[in-house]
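With PDB, C-alpha atoms inside, this is protein38.pdb:
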ATOM      1  CA  MET A  20      13.904   8.839  33.079
ATOM      2  CA  SER A  21      12.796   5.761  31.228
ATOM      3  CA  ALA A  22      14.367   2.500  32.335
ATOM      4  CA  LEU A  23      15.244   1.733  28.726
ATOM      5  CA  TRP A  24      17.888   4.412  28.573
ATOM      6  CA  GLU A  25      19.054   4.345  32.151
ATOM      7  CA  GLY A  26      22.788   3.770  32.320
ATOM      8  CA  ILE A  27      23.571   4.605  28.719
ATOM      9  CA  ALA A  28      26.173   7.201  27.733
ATOM     10  CA  VAL A  29      26.751   9.560  24.854
ATOM     11  CA  GLY A  30      28.374   7.626  22.023
ATOM     12  CA  ASP A  31      26.845   4.263  22.975
ATOM     13  CA  GLU A  32      25.299   2.292  20.130
ATOM     14  CA  VAL A  33      21.819   1.246  21.233
ATOM     15  CA  VAL A  34      20.703  -0.725  18.182
ATOM     16  CA  SER A  35      21.875  -1.724  14.705
ATOM     17  CA  GLU A  36      20.235  -3.691  11.915
ATOM     18  CA  THR A  37      21.071  -4.659   8.343
ATOM     19  CA  PHE A  38      18.441  -5.005   5.625
ATOM     20  CA  ALA A  39      18.744  -6.856   2.317
ATOM     21  CA  LEU A  40      17.114  -4.468  -0.124
ATOM     22  CA  THR A  41      15.685  -5.742  -3.425
ATOM     23  CA  ARG A  42      13.659  -4.307  -6.305
ATOM     24  CA  ASP A  43      10.673  -6.054  -4.732
ATOM     25  CA  HIS A  44      10.956  -3.703  -1.730
ATOM     26  CA  LEU A  45      10.961  -0.680  -4.015
ATOM     27  CA  VAL A  46       7.755  -1.782  -5.725
ATOM     28  CA  ARG A  47       6.081  -2.416  -2.381
ATOM     29  CA  TYR A  48       7.167   0.981  -1.081
ATOM     30  CA  ALA A  49       5.921   2.694  -4.242
ATOM     31  CA  GLY A  50       2.490   1.183  -3.672
ATOM     32  CA  ALA A  51       2.419   1.888   0.054
ATOM     33  CA  SER A  52       3.569   5.499  -0.259
ATOM     34  CA  GLY A  53       2.016   6.496  -3.573
ATOM     35  CA  ASP A  54       5.410   7.582  -4.965
ATOM     36  CA  PHE A  55       5.418   6.126  -8.478
ATOM     37  CA  ASN A  56       8.408   8.014  -9.875
ATOM     38  CA  PRO A  57       9.724   5.592 -12.543
ATOM     39  CA  ILE A  58      13.376   6.148 -11.517
ATOM     40  CA  HIS A  59      12.534   3.687  -8.741
ATOM     41  CA  TYR A  60      11.583   0.838 -11.088
ATOM     42  CA  ARG A  61      12.916   1.538 -14.607
ATOM     43  CA  ASP A  62      16.650   1.527 -15.320
ATOM     44  CA  ASP A  63      16.246   3.168 -18.740
ATOM     45  CA  ILE A  64      14.427   6.194 -17.288
ATOM     46  CA  ALA A  65      16.831   6.453 -14.349
ATOM     47  CA  GLN A  66      19.767   6.468 -16.763
ATOM     48  CA  LYS A  67      18.100   9.075 -18.966
ATOM     49  CA  VAL A  68      18.163  11.535 -16.053
ATOM     50  CA  GLY A  69      21.826  10.851 -15.317
ATOM     51  CA  LEU A  70      21.611   8.152 -12.655
ATOM     52  CA  ASP A  71      23.455   4.815 -12.760
ATOM     53  CA  GLY A  72      20.163   2.924 -12.621
ATOM     54  CA  VAL A  73      17.182   2.260 -10.365
ATOM     55  CA  LEU A  74      17.624   3.675  -6.873
ATOM     56  CA  ALA A  75      15.665   3.328  -3.637
ATOM     57  CA  HIS A  76      13.195   6.075  -2.718
ATOM     58  CA  GLY A  77      14.945   8.422  -0.273
ATOM     59  CA  MET A  78      11.870   8.125   1.927
ATOM     60  CA  LEU A  79      12.199   4.317   1.925
ATOM     61  CA  THR A  80      15.776   4.679   3.191
ATOM     62  CA  MET A  81      14.511   7.153   5.812
ATOM     63  CA  GLY A  82      11.723   4.749   6.823
ATOM     64  CA  LEU A  83      14.047   1.738   7.081
ATOM     65  CA  GLY A  84      16.602   3.851   8.944
ATOM     66  CA  ILE A  85      14.329   4.400  11.931
ATOM     67  CA  SER A  86      12.786   0.929  12.062
ATOM     68  CA  PRO A  87      15.417  -0.600  14.428
ATOM     69  CA  VAL A  88      14.930   2.384  16.765
ATOM     70  CA  LEU A  89      11.178   1.694  16.900
ATOM     71  CA  THR A  90      11.803  -1.950  17.775
ATOM     72  CA  TRP A  91      14.283  -0.899  20.452
ATOM     73  CA  LEU A  92      11.890   1.703  21.908
ATOM     74  CA  GLY A  93       8.802  -0.500  22.062
ATOM     75  CA  THR A  94       6.581   0.833  24.826
ATOM     76  CA  ALA A  95       9.288   2.989  26.416
ATOM     77  CA  GLY A  96       9.051   6.120  24.326
ATOM     78  CA  SER A  97       7.637   7.945  21.385
ATOM     79  CA  ILE A  98       9.184   9.869  18.513
ATOM     80  CA  ARG A  99       9.168  13.667  18.846
ATOM     81  CA  SER A 100      11.096  14.422  15.665
ATOM     82  CA  TYR A 101      13.032  12.696  12.913
ATOM     83  CA  GLN A 102      15.139  14.394  10.285
ATOM     84  CA  VAL A 103      17.588  13.371   7.584
ATOM     85  CA  ARG A 104      19.555  14.797   4.695
ATOM     86  CA  PHE A 105      19.702  12.682   1.533
ATOM     87  CA  THR A 106      23.375  12.588   0.593
ATOM     88  CA  LYS A 107      23.970   9.602  -1.707
ATOM     89  CA  PRO A 108      21.704   7.422  -3.870
ATOM     90  CA  VAL A 109      21.119   3.786  -2.848
ATOM     91  CA  TYR A 110      21.286   1.807  -6.092
ATOM     92  CA  VAL A 111      19.314  -1.433  -6.094
ATOM     93  CA  PRO A 112      20.245  -4.069  -8.695
ATOM     94  CA  ALA A 113      17.608  -5.867 -10.798
ATOM     95  CA  GLU A 114      18.833  -9.220  -9.503
ATOM     96  CA  LYS A 115      20.081 -10.080  -6.021
ATOM     97  CA  SER A 116      19.950  -7.601  -3.159
ATOM     98  CA  THR A 117      21.994  -4.767  -1.743
ATOM     99  CA  SER A 118      22.523  -4.239   1.948
ATOM    100  CA  LEU A 119      21.535  -1.211   3.983
ATOM    101  CA  THR A 120      22.645  -0.863   7.613
ATOM    102  CA  SER A 121      21.225   1.499  10.201
ATOM    103  CA  SER A 122      22.899   2.048  13.579
ATOM    104  CA  ALA A 123      21.676   4.385  16.304
ATOM    105  CA  THR A 124      24.052   5.966  18.796
ATOM    106  CA  VAL A 125      23.341   8.286  21.705
ATOM    107  CA  MET A 126      23.987  11.899  20.756
ATOM    108  CA  LYS A 127      22.487  13.737  23.739
ATOM    109  CA  LEU A 128      21.015  12.551  27.028
ATOM    110  CA  PRO A 129      18.062  14.170  28.812
ATOM    111  CA  GLU A 130      19.235  17.060  30.962
ATOM    112  CA  GLY A 131      17.581  19.612  33.223
ATOM    113  CA  ASP A 132      13.830  19.772  32.677
ATOM    114  CA  SER A 133      14.112  18.085  29.287
ATOM    115  CA  THR A 134      13.207  14.406  28.993
ATOM    116  CA  GLU A 135      14.412  14.236  25.396
ATOM    117  CA  LEU A 136      16.909  11.628  24.267
ATOM    118  CA  THR A 137      18.647  12.436  20.970
ATOM    119  CA  LEU A 138      19.936   9.619  18.774
ATOM    120  CA  ALA A 139      22.161   9.924  15.718
ATOM    121  CA  LEU A 140      21.557   7.384  12.963
ATOM    122  CA  THR A 141      24.332   6.161  10.709
ATOM    123  CA  VAL A 142      22.824   4.650   7.587
ATOM    124  CA  THR A 143      25.256   3.026   5.188
ATOM    125  CA  ALA A 144      24.866   1.275   1.853
ATOM    126  CA  GLU A 145      26.764  -1.803   0.710
ATOM    127  CA  GLY A 146      30.463  -0.938   0.722
ATOM    128  CA  GLY A 147      30.082   1.333   3.728
ATOM    129  CA  GLN A 148      29.078   4.570   2.024
ATOM    130  CA  VAL A 149      26.978   6.831   4.255
ATOM    131  CA  VAL A 150      23.700   7.599   2.466
ATOM    132  CA  LEU A 151      21.899   9.797   5.007
ATOM    133  CA  GLY A 152      23.467  12.859   6.599
ATOM    134  CA  LYS A 153      22.382  14.651   9.761
ATOM    135  CA  ALA A 154      20.034  11.777  10.581
ATOM    136  CA  ILE A 155      18.676  12.624  14.016
ATOM    137  CA  VAL A 156      15.838  11.114  16.066
ATOM    138  CA  VAL A 157      14.489  12.746  19.224
ATOM    139  CA  VAL A 158      12.470  10.533  21.575
ATOM    140  CA  THR A 159      10.690  11.142  24.880
ATOM    141  CA  PRO A 160       9.569   8.539  27.407
ATOM    142  CA  ARG A 161       5.877   7.693  27.576
TER     143      ARG A 161
ATOM    144  CA  MET B  28      13.843  28.721 -15.599
ATOM    145  CA  PRO B  29      14.679  29.574 -11.965
ATOM    146  CA  VAL B  30      12.209  28.803  -9.208
ATOM    147  CA  ASN B  31       9.905  31.730  -8.493
ATOM    148  CA  PRO B  32      10.952  33.280  -5.132
ATOM    149  CA  GLN B  33       7.444  34.703  -4.731
ATOM    150  CA  LEU B  34       6.215  31.213  -3.869
ATOM    151  CA  VAL B  35       6.764  32.177  -0.224
ATOM    152  CA  ASP B  36       3.833  34.584  -0.528
ATOM    153  CA  VAL B  37       1.416  32.014  -1.955
ATOM    154  CA  ALA B  38      -1.408  30.934   0.376
ATOM    155  CA  PHE B  39      -2.109  27.327  -0.573
ATOM    156  CA  ASP B  40      -5.514  25.836   0.189
ATOM    157  CA  PRO B  41      -5.522  22.894   2.615
ATOM    158  CA  VAL B  42      -5.681  19.562   0.774
ATOM    159  CA  PRO B  43      -8.893  17.547   1.297
ATOM    160  CA  ALA B  44      -9.026  15.758   4.675
ATOM    161  CA  TYR B  45      -7.073  12.482   4.678
ATOM    162  CA  LEU B  46      -8.640   9.604   6.620
ATOM    163  CA  VAL B  47      -5.829   7.418   7.982
ATOM    164  CA  GLY B  48      -6.784   3.778   7.413
ATOM    165  CA  ARG B  49      -5.669   0.737   9.374
ATOM    166  CA  GLU B  50      -4.763  -1.278   6.307
ATOM    167  CA  LYS B  51      -2.797   1.644   4.845
ATOM    168  CA  ILE B  52      -0.754   1.836   8.060
ATOM    169  CA  ARG B  53      -0.158  -1.935   7.948
ATOM    170  CA  GLU B  54       0.883  -1.733   4.305
ATOM    171  CA  PHE B  55       3.246   1.200   5.010
ATOM    172  CA  ALA B  56       4.729  -0.517   8.078
ATOM    173  CA  ALA B  57       5.401  -3.687   6.062
ATOM    174  CA  ALA B  58       7.009  -1.670   3.251
ATOM    175  CA  THR B  59       9.393   0.099   5.649
ATOM    176  CA  HIS B  60      10.111  -2.994   7.800
ATOM    177  CA  VAL B  61       8.510  -1.493  10.900
ATOM    178  CA  ILE B  62       7.829  -4.617  12.931
ATOM    179  CA  ASP B  63       6.958  -3.367  16.425
ATOM    180  CA  PRO B  64       3.372  -4.722  16.900
ATOM    181  CA  GLN B  65       1.805  -1.374  17.884
ATOM    182  CA  HIS B  66       1.920  -0.559  14.150
ATOM    183  CA  THR B  67      -0.095  -3.619  13.105
ATOM    184  CA  ASP B  68      -1.962  -5.113  16.082
ATOM    185  CA  VAL B  69      -4.986  -3.167  17.363
ATOM    186  CA  GLU B  70      -5.008  -4.945  20.741
ATOM    187  CA  VAL B  71      -1.334  -4.175  21.368
ATOM    188  CA  ALA B  72      -1.813  -0.528  20.372
ATOM    189  CA  ARG B  73      -4.851  -0.163  22.658
ATOM    190  CA  GLY B  74      -3.002  -1.909  25.463
ATOM    191  CA  ARG B  75      -0.354   0.800  25.152
ATOM    192  CA  GLY B  76      -2.953   3.555  25.420
ATOM    193  CA  TYR B  77      -3.451   4.432  21.759
ATOM    194  CA  ALA B  78      -6.904   4.656  20.202
ATOM    195  CA  ASP B  79      -5.835   2.397  17.322
ATOM    196  CA  ILE B  80      -2.693   1.187  15.510
ATOM    197  CA  VAL B  81       0.107   3.741  15.299
ATOM    198  CA  ALA B  82       1.479   5.008  11.986
ATOM    199  CA  PRO B  83       5.262   4.721  11.486
ATOM    200  CA  PRO B  84       7.082   8.072  11.888
ATOM    201  CA  THR B  85       7.604   8.607   8.158
ATOM    202  CA  PHE B  86       3.956   7.855   7.269
ATOM    203  CA  PRO B  87       2.992  11.566   6.986
ATOM    204  CA  ILE B  88       4.957  11.671   3.713
ATOM    205  CA  VAL B  89       1.857  10.055   2.152
ATOM    206  CA  ILE B  90      -0.157  13.166   3.051
ATOM    207  CA  GLN B  91       2.706  15.618   2.533
ATOM    208  CA  GLU B  92       3.084  14.402  -1.066
ATOM    209  CA  LYS B  93      -0.440  15.628  -1.753
ATOM    210  CA  THR B  94       0.566  19.115  -0.624
ATOM    211  CA  LEU B  95       3.840  19.043  -2.588
ATOM    212  CA  ALA B  96       1.821  18.125  -5.676
ATOM    213  CA  GLN B  97       0.097  21.514  -5.285
ATOM    214  CA  LEU B  98       3.489  23.213  -5.257
ATOM    215  CA  LEU B  99       4.707  21.401  -8.369
ATOM    216  CA  ALA B 100       1.427  22.106 -10.162
ATOM    217  CA  HIS B 101       1.401  25.810  -9.315
ATOM    218  CA  PRO B 102       1.394  27.628 -12.683
ATOM    219  CA  GLU B 103       4.022  30.160 -11.615
ATOM    220  CA  SER B 104       6.322  27.909  -9.550
ATOM    221  CA  GLY B 105       8.923  27.475 -12.295
ATOM    222  CA  ILE B 106       9.635  23.966 -10.998
ATOM    223  CA  ASP B 107      10.436  21.276 -13.570
ATOM    224  CA  PHE B 108       9.479  18.014 -11.811
ATOM    225  CA  SER B 109      11.997  15.937 -13.762
ATOM    226  CA  ARG B 110      14.793  18.037 -12.211
ATOM    227  CA  VAL B 111      13.609  17.734  -8.609
ATOM    228  CA  VAL B 112      15.760  15.895  -6.061
ATOM    229  CA  HIS B 113      14.740  15.415  -2.420
ATOM    230  CA  GLY B 114      17.346  17.267  -0.331
ATOM    231  CA  ASP B 115      16.217  16.827   3.238
ATOM    232  CA  GLN B 116      13.186  15.857   5.274
ATOM    233  CA  LYS B 117      11.956  16.430   8.808
ATOM    234  CA  PHE B 118       8.929  15.393  10.858
ATOM    235  CA  GLU B 119       8.036  17.140  14.124
ATOM    236  CA  TYR B 120       5.299  15.491  16.154
ATOM    237  CA  SER B 121       2.833  16.713  18.765
ATOM    238  CA  ARG B 122       1.591  13.112  18.964
ATOM    239  CA  PRO B 123       1.764   9.959  16.830
ATOM    240  CA  ILE B 124      -0.754   9.497  14.017
ATOM    241  CA  VAL B 125      -3.211   6.654  14.686
ATOM    242  CA  ALA B 126      -5.697   4.873  12.430
ATOM    243  CA  GLY B 127      -8.962   6.796  12.296
ATOM    244  CA  ASP B 128      -7.307  10.216  12.357
ATOM    245  CA  GLU B 129      -8.750  12.574   9.808
ATOM    246  CA  LEU B 130      -5.967  15.001   8.943
ATOM    247  CA  ILE B 131      -5.930  18.293   7.121
ATOM    248  CA  ALA B 132      -2.589  19.364   5.642
ATOM    249  CA  THR B 133      -1.693  22.900   4.649
ATOM    250  CA  LEU B 134       1.428  23.758   2.663
ATOM    251  CA  SER B 135       3.530  26.869   2.890
ATOM    252  CA  VAL B 136       6.827  27.649   1.191
ATOM    253  CA  THR B 137       9.232  29.003   3.783
ATOM    254  CA  LYS B 138      12.329  29.666   1.669
ATOM    255  CA  VAL B 139      13.476  29.765  -1.950
ATOM    256  CA  GLN B 140      17.253  29.927  -2.373
ATOM    257  CA  SER B 141      19.620  29.842  -5.318
ATOM    258  CA  LEU B 142      22.844  27.886  -5.108
ATOM    259  CA  GLY B 143      24.727  28.304  -8.358
ATOM    260  CA  ALA B 144      22.492  26.939 -11.111
ATOM    261  CA  HIS B 145      20.338  25.070  -8.592
ATOM    262  CA  SER B 146      17.356  26.253  -6.587
ATOM    263  CA  MET B 147      16.365  25.015  -3.163
ATOM    264  CA  VAL B 148      12.723  25.173  -2.147
ATOM    265  CA  THR B 149      11.975  24.660   1.538
ATOM    266  CA  SER B 150       8.389  24.060   2.538
ATOM    267  CA  GLU B 151       6.367  22.792   5.431
ATOM    268  CA  SER B 152       3.079  20.941   5.548
ATOM    269  CA  VAL B 153       1.243  21.411   8.821
ATOM    270  CA  MET B 154      -1.133  18.558   9.651
ATOM    271  CA  THR B 155      -3.969  18.989  12.107
ATOM    272  CA  THR B 156      -7.075  17.004  12.936
ATOM    273  CA  VAL B 157     -10.363  18.284  11.516
ATOM    274  CA  ALA B 158     -10.952  19.719  15.027
ATOM    275  CA  GLY B 159      -7.764  21.785  14.681
ATOM    276  CA  GLU B 160      -5.395  19.803  16.972
ATOM    277  CA  HIS B 161      -1.806  19.879  15.701
ATOM    278  CA  VAL B 162      -0.434  16.386  15.025
ATOM    279  CA  VAL B 163       2.700  16.714  12.887
ATOM    280  CA  THR B 164       4.567  19.181  10.721
ATOM    281  CA  ALA B 165       6.467  17.719   7.771
ATOM    282  CA  SER B 166       9.200  19.908   6.288
ATOM    283  CA  SER B 167      11.327  19.264   3.246
ATOM    284  CA  THR B 168      13.835  20.875   0.968
ATOM    285  CA  LEU B 169      13.551  20.086  -2.706
ATOM    286  CA  VAL B 170      16.589  20.756  -4.860
ATOM    287  CA  VAL B 171      15.712  21.785  -8.400
ATOM    288  CA  ARG B 172      18.725  21.141 -10.599
ATOM    289  CA  GLY B 173      19.473  23.895 -13.084
ATOM    290  CA  ASP B 174      21.501  23.766 -16.298
ATOM    291  CA  ALA B 175      25.150  23.338 -15.372
TER     292      ALA B 175
END
Could I get this structure in the form of structure tokens?
Amino acid sequence: MSALWEGIAVGDEVVSETFALTRDHLVRYAGASGDFNPIHYRDDIAQKVGLDGVLAHGMLTMGLGISPVLTWLGTAGSIRSYQVRFTKPVYVPAEKSTSLTSSATVMKLPEGDSTELTLALTVTAEGGQVVLGKAIVVVTPR
Amino acid sequence: MPVNPQLVDVAFDPVPAYLVGREKIREFAAATHVIDPQHTDVEVARGRGYADIVAPPTFPIVIQEKTLAQLLAHPESGIDFSRVVHGDQKFEYSRPIVAGDELIATLSVTKVQSLGAHSMVTSESVMTTVAGEHVVTASSTLVVRGDA
């Protein structure tokens, strides 16, 4: 078993980080990912399709959600799988920022022949609303 | 118009090989706040046994989007893009993607379901190297909102 997760127990929080999300991040993510859906940069178009306004790309939220886990893992392990369900939109105001917090807790420890460690992510928007459901990361030591 | 359930029988052509670039990985890592240096620093990545810098775990969405574009463009899909919402997403890795990988992605629709007025289209995009080695499978469910 990797030294990094020696001595940890199911339910332990291993890492948590809060991001200040701005429209600037959405534009950067659009460019980096190639997802130029205008609901992620134009309030008028977002409102036309029934949203409150510009929202973060779900895949940006998914990408930010795992970033503290990657920092925590470093050289100790690699990602076998990562899944999420998109449950609530993350609205991002034109001015100022909105916060997004990702915390990883131990869901399942390696057992038997398996070396897999399963982490559950809790990703919440400003105000505490959970925005990703069933957010699960499986890592193995390397 | 409901989503065509016969999409599960469609054999989609692989999308043209995608060459994973170092600067694209750096740009994607910066955009998703992935700061561990193996995603940006070649020497660190090589020191950890990788051939080059490592793509963040959600990077394959860049390639998967090219396969989903085939689905949305299919003349008989019945999918109205303006009504599409991303329901869920999963990546399953055989190994991390590194800069220099040349990946071929092939889409298949695994399930089309109706839920009231909405349709749910589940698909997977299998990504292999040009030599045929499996790297990652990206799966997603798209929810196509119907008239209430």
Shell of 9 Å around region 130-143 of chain B, all atoms listed in the file, local chain residues under 6 positions omitted, as a PyMOL selection string: chain B and resi 29-47+90-91+93-95+97-98+149-157+159+162+164+168+173+175
Rounded to one decimal, what separation in Å do you get between CA of Leu92 (chain A) and CA of Gly127 (chain B)?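 Straight-line distance from CA of Leu92 (chain A) to CA of Gly127 (chain B) works out to 23.5 Å.
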Taking a cut-off of 6 Å and counting only C-alpha atoms, can you build a table that, for each residue of chain B near chain A, reports the nearest atom pair and how far apart they are in Å (one decimal), sorted by chain then residue number, as JSON lines?
{"residue": "B:Glu54", "atom": "CA", "partner": "A:Ala51", "partner_atom": "CA", "distance": 5.8}
{"residue": "B:Phe55", "atom": "CA", "partner": "A:Ala51", "partner_atom": "CA", "distance": 5.1}
{"residue": "B:Ala58", "atom": "CA", "partner": "A:Tyr48", "partner_atom": "CA", "distance": 5.1}
{"residue": "B:Thr59", "atom": "CA", "partner": "A:Leu83", "partner_atom": "CA", "distance": 5.1}
{"residue": "B:Val61", "atom": "CA", "partner": "A:Ser86", "partner_atom": "CA", "distance": 5.0}
{"residue": "B:Asp63", "atom": "CA", "partner": "A:Thr90", "partner_atom": "CA", "distance": 5.2}
{"residue": "B:Thr85", "atom": "CA", "partner": "A:Gly82", "partner_atom": "CA", "distance": 5.8}
{"residue": "B:Val89", "atom": "CA", "partner": "A:Ser52", "partner_atom": "CA", "distance": 5.4}
{"residue": "B:Gly114", "atom": "CA", "partner": "A:Phe105", "partner_atom": "CA", "distance": 5.5}
{"residue": "B:Asp115", "atom": "CA", "partner": "A:Arg104", "partner_atom": "CA", "distance": 4.2}
{"residue": "B:Gln116", "atom": "CA", "partner": "A:Val103", "partner_atom": "CA", "distance": 5.6}
{"residue": "B:Lys117", "atom": "CA", "partner": "A:Gln102", "partner_atom": "CA", "distance": 4.1}
{"residue": "B:Phe118", "atom": "CA", "partner": "A:Tyr101", "partner_atom": "CA", "distance": 5.3}
{"residue": "B:Glu119", "atom": "CA", "partner": "A:Ser100", "partner_atom": "CA", "distance": 4.4}
{"residue": "B:Tyr120", "atom": "CA", "partner": "A:Arg99", "partner_atom": "CA", "distance": 5.1}
Which polymer residues have any atom within 12 Å of an atom of Leu136 (chain A), counting only C-alpha atoms, with same-chain residues fewer than 6 positions away left out, as number ranges by chain? A: 20-21, 23-25, 27-29, 33, 92, 95-100, 123-130, 155-160
Care to translate the PyMOL selection byres ((chain A and resi 72-74) around 8) into actual residues of this file, as a list in words?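 This file gives the following for the PyMOL selection byres ((chain A and resi 72-74) around 8): Ile58, His59, Tyr60, Arg61, Asp62, Asp63, Ala65, Gln66, Leu70, Asp71, Ala75, His76, Pro108, Val109, Tyr110, Val111 and Pro112 of chain A.
Nearest residue to Ser118 (chain A) among A:Leu40, A:Gln148, A:Gly69, A:Asp132 is A:Leu40, counting all atoms listed in the file.
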Using the chain letters and numbers from the file, which residues does the PyMOL selection byres ((chain A and resi 120) around 7) grab, as a list of chain:residue names? A:Glu36, A:Thr37, A:Phe38, A:Ser118, A:Leu119, A:Ser121, A:Ser122, A:Val142, A:Thr143, A:Ala144
So what do you get for CA of Ser167 (chain B) versus CA of Arg110 (chain B), distance-wise?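 Calculated distance between CA of Ser167 (chain B) and CA of Arg110 (chain B) is 15.9 Å.
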